[in-house]
Amino acid sequence: ITRDSVIKIAKEAGIPVVETPIPREWLYISDELFFTGTAAEITPIASVDRIPVGEGKRGPVTKKIQDTLFGILNGETKDRFNWLTPVQ
C-alpha cells in the first residue's frame with residue numbers, strides 16, 4: 001500500500017516512475033535513494049556500501065514525497081486520493 005501511495009504521489013507531482021532492475025553500481029551514482037514499505041514508510045538512504053548517496057542526506061524528491069504522504073496521513077494536507085476513512 002505504501003509503495004503504491006508513493007508511486008501515485010510521484011506521478012501526480014510529475015516525477016517520472018520507472019520500475020526496472022538496475023545494476024548495483026547505479027546506486028553509487030544516484031542523486032538520492034529511499035526505502036519504502038509499511039514499516040519503513042519512506043526512509044532516505046544516506047549511503048550504499050559506505051559510499052554516500054548524493055549529498056549523504058535526504059534529497060528534494062524524497063522530501064516532497066515524504067511531506068505529501070505524511071501531510072495527508074496527519075490531516076495537514078487535503079486527502080486528494082481518498083485514502084483516509086473518517087472514524088466517528
# chains A, B, ... in the order shown; residues from 1 in each chain; ligands from 1

$ residues_around --residues "A:Gly59" --least-positions-apart "5" --cutoff "9 Å" --atoms "only C-alpha atoms" --output "MDAnalysis selection string"
chainID A and resid 31:33 44 54 64

$ select_by_dssp --residues "chain A" --states "strand (DSSP E)" --output "PyMOL selection string"
chain A and resi 34-37+41-44+47-48+51-52

$ write_last_selection --atoms "C-alpha atoms" --output "tab-separated table (two decimals), in the first residue's frame"
chain	number	residue	atom	x	y	z
A	34	PHE	CA	14.90	5.79	-0.34
A	35	PHE	CA	13.29	2.67	1.05
A	36	THR	CA	9.52	2.45	1.03
A	37	GLY	CA	7.21	-0.02	2.70
A	41	GLU	CA	7.30	4.28	5.32
A	42	ILE	CA	9.70	6.48	3.31
A	43	THR	CA	13.24	6.26	4.66
A	44	PRO	CA	16.10	8.11	2.92
A	47	SER	CA	24.95	5.59	1.78
A	48	VAL	CA	25.41	2.28	-0.01
A	51	ILE	CA	29.58	5.33	-0.33
A	52	PRO	CA	27.46	8.46	0.22

$ closest_atom_pairs --of "stretch 1-47 of chain A" --to "stretch 68-84 of chain A" --cutoff "9 Å" --atoms "only C-alpha atoms" --output "CSV"
residue,atom,partner,partner_atom,distance
A:Ser5,CA,A:Leu69,CA,7.7
A:Val6,CA,A:Leu69,CA,7.5
A:Lys8,CA,A:Phe81,CA,8.6
A:Ile9,CA,A:Thr68,CA,7.3
A:Ile42,CA,A:Leu69,CA,8.9

$ closest_residue --among "A:Tyr28, A:Ile65, A:Thr85, A:Ala40" --to "A:Ile15" --atoms "only C-alpha atoms"
A:Ile65

$ select_by_dssp --residues "chain A" --states "helix (DSSP H, G or I)" --output "ChimeraX atom specification"
/A:2-12,24-28,60-73

$ residues_around --residues "A:Ala39" --least-positions-apart "6" --cutoff "12 Å" --atoms "only C-alpha atoms" --output "list in words"
Ile1, Thr2 and Arg3 of chain A

$ write_last_selection --atoms "N, CA and C atoms" --output "mmCIF file, in the first residue's frame"
data_model
loop_
_atom_site.group_PDB
_atom_site.id
_atom_site.type_symbol
_atom_site.label_atom_id
_atom_site.label_comp_id
_atom_site.auth_asym_id
_atom_site.auth_seq_id
_atom_site.Cartn_x
_atom_site.Cartn_y
_atom_site.Cartn_z
ATOM 1 N N ILE A 1 0.835 -1.189 0.000
ATOM 2 C CA ILE A 1 0.000 0.000 0.000
ATOM 3 C C ILE A 1 0.879 1.252 0.000
ATOM 4 N N THR A 2 1.908 1.269 0.840
ATOM 5 C CA THR A 2 2.778 2.448 0.905
ATOM 6 C C THR A 2 3.478 2.672 -0.433
ATOM 7 N N ARG A 3 3.963 1.602 -1.027
ATOM 8 C CA ARG A 3 4.640 1.702 -2.323
ATOM 9 C C ARG A 3 3.702 2.297 -3.365
#

$ closest_residue --among "A:Gly56, A:Ile45, A:Val61, A:Arg50" --to "A:Val17" --atoms "only C-alpha atoms"
A:Val61

$ atom_distance --atom1 "atom CA of A:Glu12" --atom2 "atom CA of A:Lys63"
14.9 Å

$ atom_distance --atom1 "atom CA of A:Pro60" --atom2 "atom CA of A:Asp4"
19.7 Å

$ decode --residues "stretch 2-81 of chain A" --atoms "C-alpha atoms" --output "PDB file, in the first residue's frame"
ATOM      1  CA  THR A   2       2.778   2.448   0.905  1.00  0.00           C
ATOM      2  CA  ARG A   3       4.640   1.702  -2.323  1.00  0.00           C
ATOM      3  CA  ASP A   4       1.505   2.321  -4.386  1.00  0.00           C
ATOM      4  CA  SER A   5       0.909   5.566  -2.484  1.00  0.00           C
ATOM      5  CA  VAL A   6       4.457   6.753  -3.197  1.00  0.00           C
ATOM      6  CA  ILE A   7       4.048   5.974  -6.900  1.00  0.00           C
ATOM      7  CA  LYS A   8       0.755   7.901  -7.058  1.00  0.00           C
ATOM      8  CA  ILE A   9       2.261  10.904  -5.255  1.00  0.00           C
ATOM      9  CA  ALA A  10       5.310  10.899  -7.543  1.00  0.00           C
ATOM     10  CA  LYS A  11       3.258  10.672 -10.727  1.00  0.00           C
ATOM     11  CA  GLU A  12       0.919  13.448  -9.573  1.00  0.00           C
ATOM     12  CA  ALA A  13       3.978  15.637  -8.877  1.00  0.00           C
ATOM     13  CA  GLY A  14       5.345  14.978 -12.372  1.00  0.00           C
ATOM     14  CA  ILE A  15       8.181  12.807 -11.083  1.00  0.00           C
ATOM     15  CA  PRO A  16       8.880  10.002 -13.580  1.00  0.00           C
ATOM     16  CA  VAL A  17       8.359   6.500 -12.189  1.00  0.00           C
ATOM     17  CA  VAL A  18      10.181   3.610 -13.859  1.00  0.00           C
ATOM     18  CA  GLU A  19      10.262   0.110 -12.418  1.00  0.00           C
ATOM     19  CA  THR A  20      13.172  -1.931 -13.749  1.00  0.00           C
ATOM     20  CA  PRO A  21      16.130  -3.895 -12.413  1.00  0.00           C
ATOM     21  CA  ILE A  22      19.307  -1.806 -12.256  1.00  0.00           C
ATOM     22  CA  PRO A  23      22.968  -2.687 -11.738  1.00  0.00           C
ATOM     23  CA  ARG A  24      24.258  -2.180  -8.193  1.00  0.00           C
ATOM     24  CA  GLU A  25      26.756   0.388  -9.471  1.00  0.00           C
ATOM     25  CA  TRP A  26      23.890   2.746 -10.333  1.00  0.00           C
ATOM     26  CA  LEU A  27      23.133   3.010  -6.624  1.00  0.00           C
ATOM     27  CA  TYR A  28      26.571   4.546  -6.085  1.00  0.00           C
ATOM     28  CA  ILE A  29      25.955   7.354  -8.583  1.00  0.00           C
ATOM     29  CA  SER A  30      22.342   8.099  -7.665  1.00  0.00           C
ATOM     30  CA  ASP A  31      21.352  11.606  -6.605  1.00  0.00           C
ATOM     31  CA  GLU A  32      19.081  10.144  -3.927  1.00  0.00           C
ATOM     32  CA  LEU A  33      17.548   6.851  -2.825  1.00  0.00           C
ATOM     33  CA  PHE A  34      14.898   5.792  -0.336  1.00  0.00           C
ATOM     34  CA  PHE A  35      13.291   2.666   1.048  1.00  0.00           C
ATOM     35  CA  THR A  36       9.521   2.450   1.027  1.00  0.00           C
ATOM     36  CA  GLY A  37       7.206  -0.024   2.695  1.00  0.00           C
ATOM     37  CA  THR A  38       4.772  -0.439   5.539  1.00  0.00           C
ATOM     38  CA  ALA A  39       7.415  -0.442   8.270  1.00  0.00           C
ATOM     39  CA  ALA A  40       9.951   1.807   6.521  1.00  0.00           C
ATOM     40  CA  GLU A  41       7.304   4.279   5.315  1.00  0.00           C
ATOM     41  CA  ILE A  42       9.702   6.485   3.313  1.00  0.00           C
ATOM     42  CA  THR A  43      13.241   6.263   4.657  1.00  0.00           C
ATOM     43  CA  PRO A  44      16.103   8.112   2.924  1.00  0.00           C
ATOM     44  CA  ILE A  45      19.235   6.081   2.184  1.00  0.00           C
ATOM     45  CA  ALA A  46      22.361   8.067   3.078  1.00  0.00           C
ATOM     46  CA  SER A  47      24.949   5.590   1.782  1.00  0.00           C
ATOM     47  CA  VAL A  48      25.415   2.277  -0.008  1.00  0.00           C
ATOM     48  CA  ASP A  49      28.449   0.169   0.884  1.00  0.00           C
ATOM     49  CA  ARG A  50      29.755   3.196   2.824  1.00  0.00           C
ATOM     50  CA  ILE A  51      29.580   5.331  -0.330  1.00  0.00           C
ATOM     51  CA  PRO A  52      27.459   8.461   0.218  1.00  0.00           C
ATOM     52  CA  VAL A  53      24.356   8.772  -1.925  1.00  0.00           C
ATOM     53  CA  GLY A  54      24.121  12.277  -3.365  1.00  0.00           C
ATOM     54  CA  GLU A  55      24.907  14.661  -0.520  1.00  0.00           C
ATOM     55  CA  GLY A  56      24.528  11.877   2.047  1.00  0.00           C
ATOM     56  CA  LYS A  57      21.164  13.139   3.286  1.00  0.00           C
ATOM     57  CA  ARG A  58      17.514  13.282   2.270  1.00  0.00           C
ATOM     58  CA  GLY A  59      17.116  14.803  -1.176  1.00  0.00           C
ATOM     59  CA  PRO A  60      14.393  17.100  -2.540  1.00  0.00           C
ATOM     60  CA  VAL A  61      12.387  14.337  -4.254  1.00  0.00           C
ATOM     61  CA  THR A  62      12.319  12.222  -1.104  1.00  0.00           C
ATOM     62  CA  LYS A  63      11.343  15.287   0.943  1.00  0.00           C
ATOM     63  CA  LYS A  64       8.489  16.173  -1.415  1.00  0.00           C
ATOM     64  CA  ILE A  65       7.085  12.640  -1.332  1.00  0.00           C
ATOM     65  CA  GLN A  66       7.505  12.359   2.463  1.00  0.00           C
ATOM     66  CA  ASP A  67       5.900  15.748   3.089  1.00  0.00           C
ATOM     67  CA  THR A  68       2.935  14.899   0.869  1.00  0.00           C
ATOM     68  CA  LEU A  69       2.327  11.429   2.321  1.00  0.00           C
ATOM     69  CA  PHE A  70       2.778  12.443   5.961  1.00  0.00           C
ATOM     70  CA  GLY A  71       0.719  15.594   5.426  1.00  0.00           C
ATOM     71  CA  ILE A  72      -2.201  13.512   4.162  1.00  0.00           C
ATOM     72  CA  LEU A  73      -1.857  10.916   6.926  1.00  0.00           C
ATOM     73  CA  ASN A  74      -1.662  13.610   9.632  1.00  0.00           C
ATOM     74  CA  GLY A  75      -4.598  15.578   8.237  1.00  0.00           C
ATOM     75  CA  GLU A  76      -2.422  18.610   7.415  1.00  0.00           C
ATOM     76  CA  THR A  77      -2.865  18.192   3.648  1.00  0.00           C
ATOM     77  CA  LYS A  78      -6.077  17.542   1.721  1.00  0.00           C
ATOM     78  CA  ASP A  79      -6.539  13.828   1.001  1.00  0.00           C
ATOM     79  CA  ARG A  80      -6.985  14.167  -2.749  1.00  0.00           C
ATOM     80  CA  PHE A  81      -6.537  10.397  -3.216  1.00  0.00           C
TER      81      PHE A  81
END
